[in-house]
Amino acid sequence: VQLQASGGGLVEAGGSLTISCVVSGTIFSSSAMGWYRQAPGKQRELVAVKFSGGSTDYAEYADSVKGRFTISRDDAKNTVYLQMNSLKPEDTAVYYCHYRGIYGGTGYYTGAFINYWGKGTLVTVSS
């Protein structure tokens, strides 16, 4: 599985940016696609993920981005998007595309799973 992210860059505070990631290779029938981020000196944290499997489809967001960021996925294109609005300087980080193939589970944290990561794309929000 390979992940190719794009769309990072420099934006002013209050602005918007959309990043996207294309997943290629083995595609699981149950999977989650999403984004983590890592700011300088901090641990990598979940930003948003979207699970799809069977009849279940839901998204999970970090509290810090709820109401500002929207995740979507186009399974026909194996692509996940993150629409980021009302950006803040504290959103500055390297954003990593994430794909989780899930076996026997009905959600992001259930079943057995295998994680894949993209190389990351830098988002810088200036104040």
# chains A, B, ... in the order shown; residues from 1 in each chain; ligands from 1
>>> select_by_dssp(residues="chain A", states="strand (DSSP E)", output="VMD selection string")
chain A and resid 2 to 6 9 to 12 17 to 24 31 to 38 45 to 53 56 to 61 69 to 74 79 to 84 93 to 103 112 to 117 121 to 126
>>> atom_distance(atom1="atom CA of A:Tyr108", atom2="atom CA of A:Val94")
22.2 Å
>>> closest_atom_pairs(of="stretch 2-83 of chain A", to="stretch 87-92 of chain A", cutoff="7 Å", atoms="only C-alpha atoms", output="CSV")
residue,atom,partner,partner_atom,distance
A:Ala13,CA,A:Lys88,CA,5.1
A:Gly14,CA,A:Leu87,CA,4.9
A:Gly15,CA,A:Leu87,CA,5.5
A:Ser16,CA,A:Leu87,CA,6.2
A:Ala39,CA,A:Thr92,CA,6.5
>>> write_last_selection(atoms="C-alpha atoms", output="compact mmCIF listing (two decimals), in the first residue's frame")
# COMPACT_ATOMS: atom_id res chain seq x y z
CA ALA A 13 -4.58 32.52 9.98
CA GLY A 14 -8.30 32.35 9.31
CA GLY A 15 -7.74 30.95 5.86
CA SER A 16 -8.59 27.62 4.31
CA ALA A 39 4.01 19.75 15.30
>>> closest_residue(among="A:Thr106, A:Thr79, A:Thr18, A:Ser86", to="A:Gln2", atoms="only C-alpha atoms")
A:Thr79
>>> residues_around(residues="A:Phe113", least_positions_apart="2", cutoff="12 Å", atoms="only C-alpha atoms", output="count of residues only")
19
>>> closest_atom_pairs(of="stretch 30-63 of chain A", to="stretch 72-75 of chain A", cutoff="12 Å", atoms="only C-alpha atoms", output="CSV")
residue,atom,partner,partner_atom,distance
A:Ser30,CA,A:Asp75,CA,11.3
A:Ser31,CA,A:Asp75,CA,10.3
A:Ala32,CA,A:Arg73,CA,9.5
A:Met33,CA,A:Arg73,CA,7.4
A:Gly34,CA,A:Arg73,CA,8.6
A:Trp35,CA,A:Ser72,CA,11.0
A:Ala48,CA,A:Ser72,CA,9.6
A:Val49,CA,A:Ser72,CA,8.8
A:Lys50,CA,A:Ser72,CA,7.2
A:Phe51,CA,A:Arg73,CA,9.4
A:Ser52,CA,A:Asp75,CA,9.2
A:Gly53,CA,A:Asp75,CA,11.2
A:Asp57,CA,A:Arg73,CA,10.6
A:Tyr58,CA,A:Ser72,CA,10.0
A:Ala59,CA,A:Ser72,CA,8.5
A:Glu60,CA,A:Ser72,CA,11.1
A:Tyr61,CA,A:Ser72,CA,11.8
>>> atom_distance(atom1="atom CA of A:Ala112", atom2="atom CA of A:Ser29")
13.2 Å
>>> residues_around(residues="A:Gly120", least_positions_apart="4", cutoff="7 Å", atoms="only C-alpha atoms", output="PyMOL selection string")
chain A and resi 5+94-97
>>> write_last_selection(atoms="N, CA and C atoms", output="JSON list (two decimals), in the first residue's frame")
[["chain", "number", "residue", "atom", "x", "y", "z"],
["A", 5, "ALA", "N", 0.34, 12.06, -0.54],
["A", 5, "ALA", "CA", -0.38, 13.25, -0.08],
["A", 5, "ALA", "C", 0.03, 14.46, -0.91],
["A", 94, "VAL", "N", 3.28, 18.96, 10.33],
["A", 94, "VAL", "CA", 3.35, 18.04, 9.20],
["A", 94, "VAL", "C", 2.15, 17.12, 9.31],
["A", 95, "TYR", "N", 1.38, 17.05, 8.26],
["A", 95, "TYR", "CA", 0.17, 16.24, 8.24],
["A", 95, "TYR", "C", 0.47, 14.94, 7.50],
["A", 96, "TYR", "N", 0.20, 13.84, 8.18],
["A", 96, "TYR", "CA", 0.48, 12.52, 7.64],
["A", 96, "TYR", "C", -0.80, 11.82, 7.23],
["A", 97, "CYS", "N", -0.81, 11.39, 6.00],
["A", 97, "CYS", "CA", -1.93, 10.59, 5.53],
["A", 97, "CYS", "C", -1.85, 9.20, 6.16]]
>>> atom_distance(atom1="atom CA of A:Tyr36", atom2="atom CA of A:Ser6")
14.2 Å
>>> closest_residue(among="A:Ser126, A:Gln4, A:Gln83, A:Thr26", to="A:Val65", atoms="only C-alpha atoms")
A:Gln83
